[in-house]
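Have a look at data_16.txt; it's compact mmCIF, C-alpha atoms:
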# COMPACT_ATOMS: atom_id res chain seq x y z
CA MET F 1 66.23 354.16 67.85
CA ALA F 2 66.43 350.96 65.78
CA LEU F 3 69.52 348.92 66.54
CA THR F 4 70.50 345.66 64.82
CA PHE F 5 72.63 343.22 66.79
CA TYR F 6 74.54 340.38 65.12
CA ASP F 7 74.94 337.68 67.73
CA TYR F 8 76.07 334.12 68.25
CA THR F 9 74.59 333.11 71.57
CA PRO F 10 77.13 330.43 72.62
CA ALA F 11 80.27 332.59 72.15
CA PRO F 12 81.98 334.71 74.82
CA SER F 13 82.49 337.99 72.92
CA PRO F 14 78.86 338.69 71.97
CA ARG F 15 77.84 337.84 75.53
CA ARG F 16 79.78 340.88 76.77
CA ALA F 17 77.66 343.11 74.55
CA ARG F 18 74.41 341.32 75.47
CA ILE F 19 75.06 341.81 79.19
CA PHE F 20 75.94 345.48 78.59
CA MET F 21 72.69 346.02 76.66
CA ALA F 22 70.66 344.15 79.28
CA GLU F 23 72.09 346.31 82.09
CA LYS F 24 71.13 349.41 80.07
CA GLY F 25 67.68 348.05 79.23
CA VAL F 26 68.46 348.49 75.52
CA THR F 27 66.85 346.17 73.01
CA ALA F 28 67.89 345.49 69.43
CA GLU F 29 66.68 343.41 66.54
CA THR F 30 68.92 340.36 66.83
CA ILE F 31 70.28 338.25 63.99
CA GLN F 32 72.10 335.01 64.78
CA ILE F 33 75.29 334.30 62.82
CA ASP F 34 76.02 330.61 63.31
CA MET F 35 79.76 330.35 63.91
CA ALA F 36 79.49 326.56 64.15
CA LYS F 37 78.56 326.72 60.45
CA ALA F 38 81.22 329.44 59.79
CA GLU F 39 78.52 331.91 58.79
CA GLN F 40 80.78 334.75 59.94
CA LEU F 41 83.07 333.94 56.99
CA THR F 42 80.40 334.19 54.26
CA ASP F 43 80.43 337.01 51.72
CA GLU F 44 77.04 338.08 53.06
CA PHE F 45 78.43 338.67 56.56
CA LYS F 46 81.71 340.12 55.24
CA ALA F 47 79.60 342.84 53.61
CA ILE F 48 78.51 343.81 57.14
CA ASN F 49 81.83 343.20 58.93
CA PRO F 50 84.90 342.48 56.78
CA ALA F 51 86.76 341.47 59.96
CA CYS F 52 84.35 338.50 60.30
CA THR F 53 83.90 338.98 64.05
CA ILE F 54 80.82 338.90 66.25
CA PRO F 55 79.28 340.86 67.95
CA VAL F 56 78.31 343.65 65.58
CA LEU F 57 75.96 346.50 66.48
CA LYS F 58 74.52 348.39 63.54
CA LEU F 59 73.07 351.80 64.38
CA GLU F 60 70.08 353.41 62.72
CA ASP F 61 72.31 355.75 60.69
CA GLY F 62 74.20 352.75 59.29
CA THR F 63 77.27 353.08 61.55
CA VAL F 64 78.70 349.61 62.19
CA LEU F 65 80.45 348.84 65.48
CA THR F 66 82.37 345.57 65.48
CA GLU F 67 84.21 345.68 68.81
CA ASN F 68 82.88 345.38 72.34
CA ASP F 69 84.72 348.55 73.35
CA GLY F 70 83.03 350.46 70.53
CA ILE F 71 79.60 349.07 71.38
CA ALA F 72 80.10 349.91 75.07
CA ALA F 73 81.28 353.48 74.37
CA TYR F 74 78.34 354.13 72.05
CA LEU F 75 75.73 352.69 74.41
CA GLU F 76 77.14 354.56 77.43
CA ALA F 77 76.88 357.87 75.57
CA ALA F 78 73.48 357.19 73.97
CA TYR F 79 71.92 355.60 77.07
CA PRO F 80 73.73 357.09 80.08
CA GLU F 81 71.69 355.33 82.77
CA PRO F 82 72.78 353.30 84.61
CA PRO F 83 76.42 354.29 84.06
CA LEU F 84 78.64 351.28 83.34
CA LEU F 85 81.86 353.15 82.48
CA GLY F 86 82.14 355.28 85.64
CA VAL F 87 80.99 358.82 86.40
CA THR F 88 83.93 360.86 87.76
CA PRO F 89 87.24 361.09 85.84
CA GLU F 90 88.88 358.75 88.39
CA GLU F 91 86.05 356.22 88.04
CA LYS F 92 86.16 356.38 84.24
CA GLY F 93 89.91 355.77 84.42
CA LEU F 94 89.54 352.82 86.80
CA VAL F 95 86.77 351.14 84.80
CA ALA F 96 88.69 351.37 81.52
CA ASN F 97 91.84 350.27 83.33
CA TRP F 98 90.40 347.14 84.90
CA GLN F 99 88.32 346.29 81.87
CA SER F 100 91.54 346.32 79.86
CA ARG F 101 93.26 344.02 82.37
CA MET F 102 90.30 341.60 82.42
CA LEU F 103 90.46 341.52 78.62
CA MET F 104 94.22 341.20 78.12
CA GLU F 105 95.01 338.90 81.05
CA GLY F 106 91.73 336.98 81.12
CA LEU F 107 89.64 336.86 77.97
CA SER F 108 92.62 336.79 75.61
CA ALA F 109 94.00 333.84 77.61
CA VAL F 110 90.69 331.97 77.25
CA ALA F 111 90.63 332.72 73.52
CA GLU F 112 94.22 331.70 72.86
CA THR F 113 93.78 328.47 74.79
CA LEU F 114 90.55 327.51 73.08
CA ARG F 115 91.50 328.59 69.57
CA ASN F 116 94.89 326.90 69.68
CA SER F 117 93.67 323.57 71.03
CA SER F 118 90.07 322.87 70.00
CA PRO F 119 89.85 320.36 67.13
CA GLY F 120 86.87 322.32 65.80
CA MET F 121 89.05 325.44 65.46
CA LYS F 122 91.83 323.91 63.38
CA ASP F 123 93.42 326.75 61.34
CA ARG F 124 91.12 329.24 63.11
CA ALA F 125 93.69 330.20 65.76
CA THR F 126 92.69 333.86 65.45
CA THR F 127 89.47 335.62 64.48
CA GLY F 128 89.23 337.26 61.08
CA PRO F 129 89.24 336.33 57.41
CA VAL F 130 92.81 334.92 57.37
CA ASN F 131 93.43 331.36 58.58
CA TYR F 132 96.35 330.73 60.94
CA ALA F 133 97.49 327.31 62.16
CA GLN F 134 97.05 326.40 65.82
CA ILE F 135 100.10 326.72 68.07
CA PRO F 136 99.82 324.09 70.83
CA GLU F 137 102.42 325.88 73.03
CA LEU F 138 100.23 328.98 72.93
CA ALA F 139 97.25 326.99 74.21
CA GLU F 140 99.42 325.79 77.10
CA ARG F 141 100.62 329.29 77.82
CA GLY F 142 97.07 330.61 77.70
CA ARG F 143 95.97 328.05 80.27
CA ALA F 144 98.87 329.02 82.53
CA ARG F 145 98.04 332.72 82.17
CA LEU F 146 94.40 332.02 82.96
CA THR F 147 95.38 330.30 86.20
CA VAL F 148 97.38 333.42 87.16
CA PHE F 149 94.38 335.55 86.16
CA MET F 150 92.14 333.81 88.71
CA ASP F 151 94.62 334.81 91.45
CA THR F 152 94.78 338.39 90.14
CA LEU F 153 90.99 338.70 90.08
CA ASN F 154 90.60 337.16 93.54
CA SER F 155 93.21 339.56 94.97
CA ARG F 156 91.56 342.55 93.36
CA LEU F 157 88.20 341.59 94.88
CA LYS F 158 89.50 341.38 98.45
CA ASP F 159 87.45 343.92 100.47
CA ARG F 160 85.76 345.06 97.26
CA GLU F 161 82.25 344.44 95.99
CA PHE F 162 83.10 344.96 92.30
CA VAL F 163 86.20 344.78 90.13
CA ALA F 164 86.90 348.41 89.24
CA ILE F 165 84.85 350.81 91.39
CA ASP F 166 82.10 350.77 94.03
CA THR F 167 79.41 349.98 91.47
CA TYR F 168 78.97 347.26 88.84
CA SER F 169 80.74 348.20 85.61
CA TYR F 170 82.00 347.03 82.22
CA ALA F 171 85.05 345.59 84.03
CA ASP F 172 82.73 343.21 85.92
CA ILE F 173 81.06 342.21 82.67
CA THR F 174 84.33 341.20 81.03
CA ALA F 175 85.55 339.43 84.18
CA GLN F 176 82.23 337.56 84.47
CA VAL F 177 82.53 336.33 80.87
CA VAL F 178 86.13 335.22 81.49
CA VAL F 179 85.21 333.16 84.55
CA ASP F 180 82.17 331.61 82.87
CA PHE F 181 84.04 330.67 79.69
CA ALA F 182 87.27 329.54 81.39
CA LYS F 183 85.36 326.33 82.14
CA TRP F 184 85.51 325.57 78.42
CA VAL F 185 89.26 325.14 78.77
CA LYS F 186 88.96 323.48 82.18
CA VAL F 187 90.27 326.33 84.30
CA THR F 188 88.12 327.12 87.33
CA PRO F 189 88.65 329.20 90.46
CA THR F 190 90.03 327.19 93.40
CA ASP F 191 88.48 326.87 96.87
CA ALA F 192 90.98 329.49 98.04
CA HIS F 193 89.41 332.08 95.71
CA THR F 194 86.73 333.06 98.21
CA ASP F 195 86.50 336.72 97.19
CA LEU F 196 86.17 335.76 93.53
CA ALA F 197 83.44 333.23 94.49
CA ARG F 198 81.44 335.82 96.45
CA TRP F 199 81.65 338.33 93.58
CA HIS F 200 80.83 335.67 90.97
CA ALA F 201 77.71 334.61 92.89
CA ALA F 202 76.59 338.25 93.02
CA VAL F 203 77.12 339.04 89.34
CA SER F 204 75.55 335.70 88.34
CA ALA F 205 72.41 336.62 90.29
CA ARG F 206 71.87 339.80 88.25
CA PRO F 207 69.11 339.52 85.62
CA SER F 208 71.67 340.48 82.94
CA ALA F 209 73.66 337.28 83.57
CA SER F 210 71.16 335.30 81.51
CA ALA F 211 71.40 337.71 78.57
CA MET V 1 96.68 368.70 89.62
CA ALA V 2 99.93 366.84 90.27
CA LEU V 3 100.31 363.76 88.10
CA THR V 4 103.20 361.30 88.20
CA PHE V 5 104.02 359.41 85.03
CA TYR V 6 106.17 356.27 85.02
CA ASP V 7 107.74 356.06 81.60
CA TYR V 8 110.31 354.18 79.57
CA THR V 9 110.97 356.38 76.57
CA PRO V 10 112.05 353.72 74.03
CA ALA V 11 109.00 351.43 74.45
CA PRO V 12 105.77 351.53 72.41
CA SER V 13 103.16 351.37 75.18
CA PRO V 14 104.23 354.44 77.19
CA ARG V 15 104.52 356.38 73.94
CA ARG V 16 100.75 356.04 73.44
CA ALA V 17 100.18 357.78 76.79
CA ARG V 18 102.84 360.42 76.10
CA ILE V 19 101.22 361.36 72.78
CA PHE V 20 97.78 361.46 74.43
CA MET V 21 99.08 363.79 77.16
CA ALA V 22 100.90 365.98 74.63
CA GLU V 23 97.74 366.38 72.55
CA LYS V 24 95.88 367.41 75.72
CA GLY V 25 98.67 369.76 76.83
CA VAL V 26 98.88 367.85 80.13
CA THR V 27 102.20 367.66 81.94
CA ALA V 28 103.25 365.22 84.65
CA GLU V 29 106.29 364.61 86.79
CA THR V 30 108.02 361.83 84.87
CA ILE V 31 110.02 358.97 86.32
CA GLN V 32 111.96 356.68 83.97
CA ILE V 33 111.78 352.95 84.69
CA ASP V 34 114.63 351.37 82.73
CA MET V 35 113.21 348.21 81.18
CA ALA V 36 116.61 347.40 79.66
CA LYS V 37 117.73 346.91 83.26
CA ALA V 38 114.44 345.14 84.18
CA GLU V 39 113.60 347.90 86.65
CA GLN V 40 109.89 347.17 86.08
CA LEU V 41 110.42 343.85 87.88
CA THR V 42 111.94 345.28 91.07
CA ASP V 43 110.07 345.17 94.38
CA GLU V 44 110.16 348.96 94.40
CA PHE V 45 108.22 349.21 91.13
CA LYS V 46 105.94 346.26 92.02
CA ALA V 47 104.80 348.34 94.99
CA ILE V 48 103.51 350.89 92.45
CA ASN V 49 102.28 348.42 89.81
CA PRO V 50 102.21 344.72 90.71
CA ALA V 51 101.57 343.94 87.04
CA CYS V 52 105.07 345.29 86.25
CA THR V 53 103.91 347.20 83.17
CA ILE V 54 104.66 350.69 81.92
CA PRO V 55 103.15 353.26 81.48
CA VAL V 56 101.66 354.09 84.87
CA LEU V 57 99.85 357.34 85.67
CA LYS V 58 99.49 358.10 89.36
CA LEU V 59 96.85 360.70 90.20
CA GLU V 60 97.05 363.23 93.00
CA ASP V 61 94.56 361.22 95.12
CA GLY V 62 96.82 358.15 94.84
CA THR V 63 94.75 356.35 92.17
CA VAL V 64 97.07 354.29 89.99
CA LEU V 65 96.25 353.71 86.31
CA THR V 66 98.35 351.04 84.65
CA GLU V 67 96.70 350.67 81.24
CA ASN V 68 96.63 353.03 78.30
CA ASP V 69 92.83 352.72 78.10
CA GLY V 70 92.53 353.77 81.74
CA ILE V 71 94.92 356.68 81.31
CA ALA V 72 93.07 357.83 78.19
CA ALA V 73 89.62 357.60 79.81
CA TYR V 74 90.81 359.55 82.87
CA LEU V 75 92.53 362.28 80.86
CA GLU V 76 89.57 362.69 78.49
CA ALA V 77 87.22 363.24 81.42
CA ALA V 78 89.57 365.45 83.44
CA TYR V 79 90.85 367.49 80.47
CA PRO V 80 88.06 367.43 77.88
CA GLU V 81 89.76 369.68 75.30
CA PRO V 82 90.65 368.78 72.65
CA PRO V 83 88.46 365.68 72.60
CA LEU V 84 90.40 362.54 71.62
CA LEU V 85 87.66 359.95 72.27
CA GLY V 86 84.89 361.48 70.14
CA VAL V 87 82.05 363.84 71.02
CA THR V 88 78.75 362.36 69.83
CA PRO V 89 77.68 358.82 70.80
CA GLU V 90 78.45 357.60 67.25
CA GLU V 91 81.91 359.20 67.36
CA LYS V 92 82.66 357.77 70.79
CA GLY V 93 81.64 354.35 69.48
CA LEU V 94 83.81 354.66 66.37
CA VAL V 95 86.90 355.88 68.24
CA ALA V 96 86.74 353.06 70.79
CA ASN V 97 86.00 350.61 67.98
CA TRP V 98 88.96 351.51 65.79
CA GLN V 99 91.29 351.98 68.73
CA SER V 100 90.46 348.43 69.75
CA ARG V 101 91.18 347.13 66.24
CA MET V 102 94.49 349.03 66.05
CA LEU V 103 95.43 347.47 69.39
CA MET V 104 94.33 343.88 68.79
CA GLU V 105 95.31 343.57 65.12
CA GLY V 106 98.30 345.92 65.18
CA LEU V 107 100.03 346.58 68.48
CA SER V 108 99.47 343.08 69.83
CA ALA V 109 101.04 341.69 66.63
CA VAL V 110 104.11 343.92 67.09
CA ALA V 111 104.39 342.84 70.72
CA GLU V 112 104.00 339.13 70.06
CA THR V 113 106.56 339.25 67.26
CA LEU V 114 109.13 341.18 69.26
CA ARG V 115 108.67 339.40 72.56
CA ASN V 116 108.76 335.94 71.02
CA SER V 117 111.85 336.49 68.88
CA SER V 118 114.15 339.08 70.47
CA PRO V 119 117.17 337.49 72.19
CA GLY V 120 116.96 340.22 74.84
CA MET V 121 113.41 339.09 75.70
CA LYS V 122 114.15 335.43 76.36
CA ASP V 123 111.53 334.14 78.83
CA ARG V 124 109.82 337.56 78.70
CA ALA V 125 107.30 336.55 76.04
CA THR V 126 104.54 338.42 77.87
CA THR V 127 104.53 341.43 80.19
CA GLY V 128 104.00 340.89 83.89
CA PRO V 129 105.74 339.28 86.86
CA VAL V 130 105.56 335.70 85.50
CA ASN V 131 108.15 334.51 82.97
CA TYR V 132 106.96 332.62 79.89
CA ALA V 133 109.20 331.03 77.27
CA GLN V 134 109.28 332.47 73.78
CA ILE V 135 107.21 330.69 71.10
CA PRO V 136 108.97 331.16 67.73
CA GLU V 137 105.81 330.20 65.77
CA LEU V 138 103.98 333.02 67.52
CA ALA V 139 106.61 335.52 66.39
CA GLU V 140 106.10 334.31 62.82
CA ARG V 141 102.33 334.58 63.15
CA GLY V 142 102.63 338.06 64.62
CA ARG V 143 104.70 339.19 61.66
CA ALA V 144 102.11 337.75 59.26
CA ARG V 145 99.28 339.45 61.14
CA LEU V 146 101.16 342.74 61.07
CA THR V 147 101.47 342.54 57.29
CA VAL V 148 97.69 342.06 57.07
CA PHE V 149 97.25 344.98 59.48
CA MET V 150 99.06 347.36 57.11
CA ASP V 151 96.50 346.47 54.42
CA THR V 152 93.62 346.93 56.85
CA LEU V 153 94.88 350.33 57.94
CA ASN V 154 95.53 351.47 54.37
CA SER V 155 92.02 350.41 53.32
CA ARG V 156 90.44 352.18 56.26
CA LEU V 157 92.26 355.41 55.37
CA LYS V 158 91.01 355.50 51.77
CA ASP V 159 89.09 358.79 51.41
CA ARG V 160 89.58 359.46 55.11
CA GLU V 161 91.85 361.91 56.88
CA PHE V 162 91.97 359.99 60.16
CA VAL V 163 91.42 356.41 61.29
CA ALA V 164 88.16 356.55 63.23
CA ILE V 165 86.33 359.85 62.69
CA ASP V 166 86.82 363.24 60.98
CA THR V 167 89.24 364.43 63.66
CA TYR V 168 92.46 363.05 65.13
CA SER V 169 91.71 360.59 67.94
CA TYR V 170 93.08 357.91 70.24
CA ALA V 171 92.68 355.46 67.34
CA ASP V 172 95.24 357.47 65.35
CA ILE V 173 97.60 357.45 68.32
CA THR V 174 97.57 353.67 68.62
CA ALA V 175 97.88 353.21 64.85
CA GLN V 176 100.78 355.69 64.72
CA VAL V 177 102.64 353.75 67.44
CA VAL V 178 102.01 350.45 65.59
CA VAL V 179 103.45 351.76 62.31
CA ASP V 180 106.46 353.37 64.01
CA PHE V 181 107.32 350.29 66.06
CA ALA V 182 106.59 347.71 63.34
CA LYS V 183 110.01 348.69 61.95
CA TRP V 184 111.54 346.98 65.00
CA VAL V 185 110.32 343.68 63.60
CA LYS V 186 111.08 344.69 60.00
CA VAL V 187 107.51 345.17 58.81
CA THR V 188 106.91 348.39 56.91
CA PRO V 189 104.10 349.68 54.72
CA THR V 190 104.58 348.93 51.01
CA ASP V 191 104.62 351.46 48.16
CA ALA V 192 101.02 350.47 47.45
CA HIS V 193 99.95 351.79 50.88
CA THR V 194 99.53 355.35 49.65
CA ASP V 195 96.66 356.28 51.95
CA LEU V 196 98.54 354.97 54.95
CA ALA V 197 101.64 356.95 53.86
CA ARG V 198 99.66 360.21 53.53
CA TRP V 199 98.08 359.72 56.96
CA HIS V 200 101.39 358.71 58.54
CA ALA V 201 103.12 361.84 57.22
CA ALA V 202 100.32 363.97 58.68
CA VAL V 203 100.33 362.40 62.15
CA SER V 204 104.14 362.41 62.22
CA ALA V 205 104.10 366.17 61.59
CA ARG V 206 102.03 366.86 64.71
CA PRO V 207 104.04 368.26 67.63
CA SER V 208 102.82 365.32 69.76
CA ALA V 209 104.70 362.84 67.54
CA SER V 210 107.95 363.69 69.29
CA ALA V 211 106.46 363.14 72.74

Rewrite the structure of this file - the entire thing - as structure tokens.
Amino acid sequence: MALTFYDYTPAPSPRRARIFMAEKGVTAETIQIDMAKAEQLTDEFKAINPACTIPVLKLEDGTVLTENDGIAAYLEAAYPEPPLLGVTPEEKGLVANWQSRMLMEGLSAVAETLRNSSPGMKDRATTGPVNYAQIPELAERGRARLTVFMDTLNSRLKDREFVAIDTYSYADITAQVVVDFAKWVKVTPTDAHTDLARWHAAVSARPSASA
Amino acid sequence: MALTFYDYTPAPSPRRARIFMAEKGVTAETIQIDMAKAEQLTDEFKAINPACTIPVLKLEDGTVLTENDGIAAYLEAAYPEPPLLGVTPEEKGLVANWQSRMLMEGLSAVAETLRNSSPGMKDRATTGPVNYAQIPELAERGRARLTVFMDTLNSRLKDREFVAIDTYSYADITAQVVVDFAKWVKVTPTDAHTDLARWHAAVSARPSASA
């Protein structure tokens, strides 16, 4: 099955999809869209994804998936092994649940901090074709939320190997990307976050971490 | 299977879960948590959900799901008919994809507008146990994003009966809740949004709409 993956290696969002594909052993023809040159805002890329976001996974039948959740749901169904979204109903519920929390409390906090403070992202405070001015208070709030997130993640990992269930899942992938990219806005786990540190060392040692 | 559902009828987020359950024909013992009285912030409710958010679905085995995505994934696996997350891999990808867009471009814009402008939500600019001050510029940006969202949704519905795939899905549920609650922040579809209006009339006529 021929898949085309639109990527920008340095960014957090496409990394989630790359790790997911690496864990599944799925390969795709990869095309880099250089966000540093605003290539995601060109008419050429808008013809592929009018929402101007990366990653994009284009399937052989032409279906275009522009969201990590969509890419993950497709890949899990098309390539069931190893399961990354849980197996039993309870597991599926827990993976989606914790993935959502990692996204809303973690990755969105990284994004709002970075996009509302980085000089290189002036007027690019959200993704998409419309420009919005940066809101400095939102960057501050994002950094505060991210600090709370590190506590939440550390607490969740007490006596647990992985974030959502007994096996590595999509929730770990999102959490891993949050922790790695939080450094960009100078938020790091503290020495007290020992459970987070143990988990982070384990997920960073997986071959997919370099995807 | 005995399910317990923690609800607050007037709020948008628990309505997504109620519609999902109604479409599945699933019933649960329901407990109202009065957010107008800040009951979600009591120690009693924190013992159930430390993140202080509603909805919560508690399963018979004690598993607690606190996110709509988790509740949806569990219910789809435990009660497969009728499918609301797609059947084929492509459909599953498209439903998750468009649900994510409806959430991030629609529901999050409603929430950030309301929470950052409503006098009753002073210092409650985000969900959760930590108070954050309102950011008036974020309310303005949310309202602007919501206006763009109405265009996006209308465009997507051109020549389509439903948002994601040929059948009603979780993406329609989230979109339906966005459109219904956008009125709270005085954003409504325009007369030009004829495809959105046709779709909205159809989803509003489903028995689940009153859930």

Residues of chain V within 7 Å of chain F, counting only C-alpha atoms, as a list of chain:residue names: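 Here is what falls inside 7 Å: V:Leu65, V:Thr66, V:Glu67, V:Asp69, V:Gly70, V:Ile71, V:Ala73, V:Tyr74, V:Ala77, V:Ala78, V:Pro89, V:Glu90, V:Lys92, V:Gly93, V:Leu94, V:Ala96, V:Asn97, V:Ser100.
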
From F:Asp151, F:Phe162, F:Val203, F:Thr167, residue lying nearest Thr188 (chain F) [only C-alpha atoms]: F:Asp151

Atomic separation - CA of Ala109 (chain F) relative to CA of Ala171 (chain V), Å: 24.0 Å

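Across F:Lys58, F:Ser155, F:Ile165, F:Val185, the tightest approach to Glu140 (chain F) is made by F:Val185 when counting only C-alpha atoms.
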
Point-to-point distance from CA of Ala111 (chain V) to CA of Thr174 (chain F), Å rounded to tenths: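 Between CA of Ala111 (chain V) and CA of Thr174 (chain F) the gap is 22.6 Å.
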
Protein, DNA and RNA residues within 12 Å of (74.6, 341.4, 56.5), all atoms listed in the file, as a PyMOL selection string: chain F and resi 4-7+30-33+39-50+52+54+56-58+62+64

For the residues in that selection, give me C-alpha atoms as an mmCIF file, in the coordinates of the input.
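Result went into again.cif, see below:
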data_model
loop_
_atom_site.group_PDB
_atom_site.id
_atom_site.type_symbol
_atom_site.label_atom_id
_atom_site.label_comp_id
_atom_site.auth_asym_id
_atom_site.auth_seq_id
_atom_site.Cartn_x
_atom_site.Cartn_y
_atom_site.Cartn_z
ATOM 1 C CA THR F 4 70.500 345.660 64.820
ATOM 2 C CA PHE F 5 72.630 343.220 66.790
ATOM 3 C CA TYR F 6 74.540 340.380 65.120
ATOM 4 C CA ASP F 7 74.940 337.680 67.730
ATOM 5 C CA THR F 30 68.920 340.360 66.830
ATOM 6 C CA ILE F 31 70.280 338.250 63.990
ATOM 7 C CA GLN F 32 72.100 335.010 64.780
ATOM 8 C CA ILE F 33 75.290 334.300 62.820
ATOM 9 C CA GLU F 39 78.520 331.910 58.790
ATOM 10 C CA GLN F 40 80.780 334.750 59.940
ATOM 11 C CA LEU F 41 83.070 333.940 56.990
ATOM 12 C CA THR F 42 80.400 334.190 54.260
ATOM 13 C CA ASP F 43 80.430 337.010 51.720
ATOM 14 C CA GLU F 44 77.040 338.080 53.060
ATOM 15 C CA PHE F 45 78.430 338.670 56.560
ATOM 16 C CA LYS F 46 81.710 340.120 55.240
ATOM 17 C CA ALA F 47 79.600 342.840 53.610
ATOM 18 C CA ILE F 48 78.510 343.810 57.140
ATOM 19 C CA ASN F 49 81.830 343.200 58.930
ATOM 20 C CA PRO F 50 84.900 342.480 56.780
ATOM 21 C CA CYS F 52 84.350 338.500 60.300
ATOM 22 C CA ILE F 54 80.820 338.900 66.250
ATOM 23 C CA VAL F 56 78.310 343.650 65.580
ATOM 24 C CA LEU F 57 75.960 346.500 66.480
ATOM 25 C CA LYS F 58 74.520 348.390 63.540
ATOM 26 C CA GLY F 62 74.200 352.750 59.290
ATOM 27 C CA VAL F 64 78.700 349.610 62.190
#

Straight-line distance linking CA of Arg18 (chain V) with CA of Asp172 (chain V), stated in Å to one decimal: 13.5 Å

Distance query Met21 (chain F) at most 9 Å, all atoms listed in the file, self and fewer than 3 positions along chain excluded, as a PyMOL selection string: chain F and resi 16-18+24-28+72+75+208+211

Proximity to Val163 (chain F) - best of F:Glu23, F:Leu3, F:Trp184, F:Arg198, all atoms listed in the file: F:Arg198

Neighbour residues at most 6 Å from (92.9, 328.9, 68.6) (all atoms listed in the file) as a ChimeraX atom specification: /F:112,114-117,124-126,134
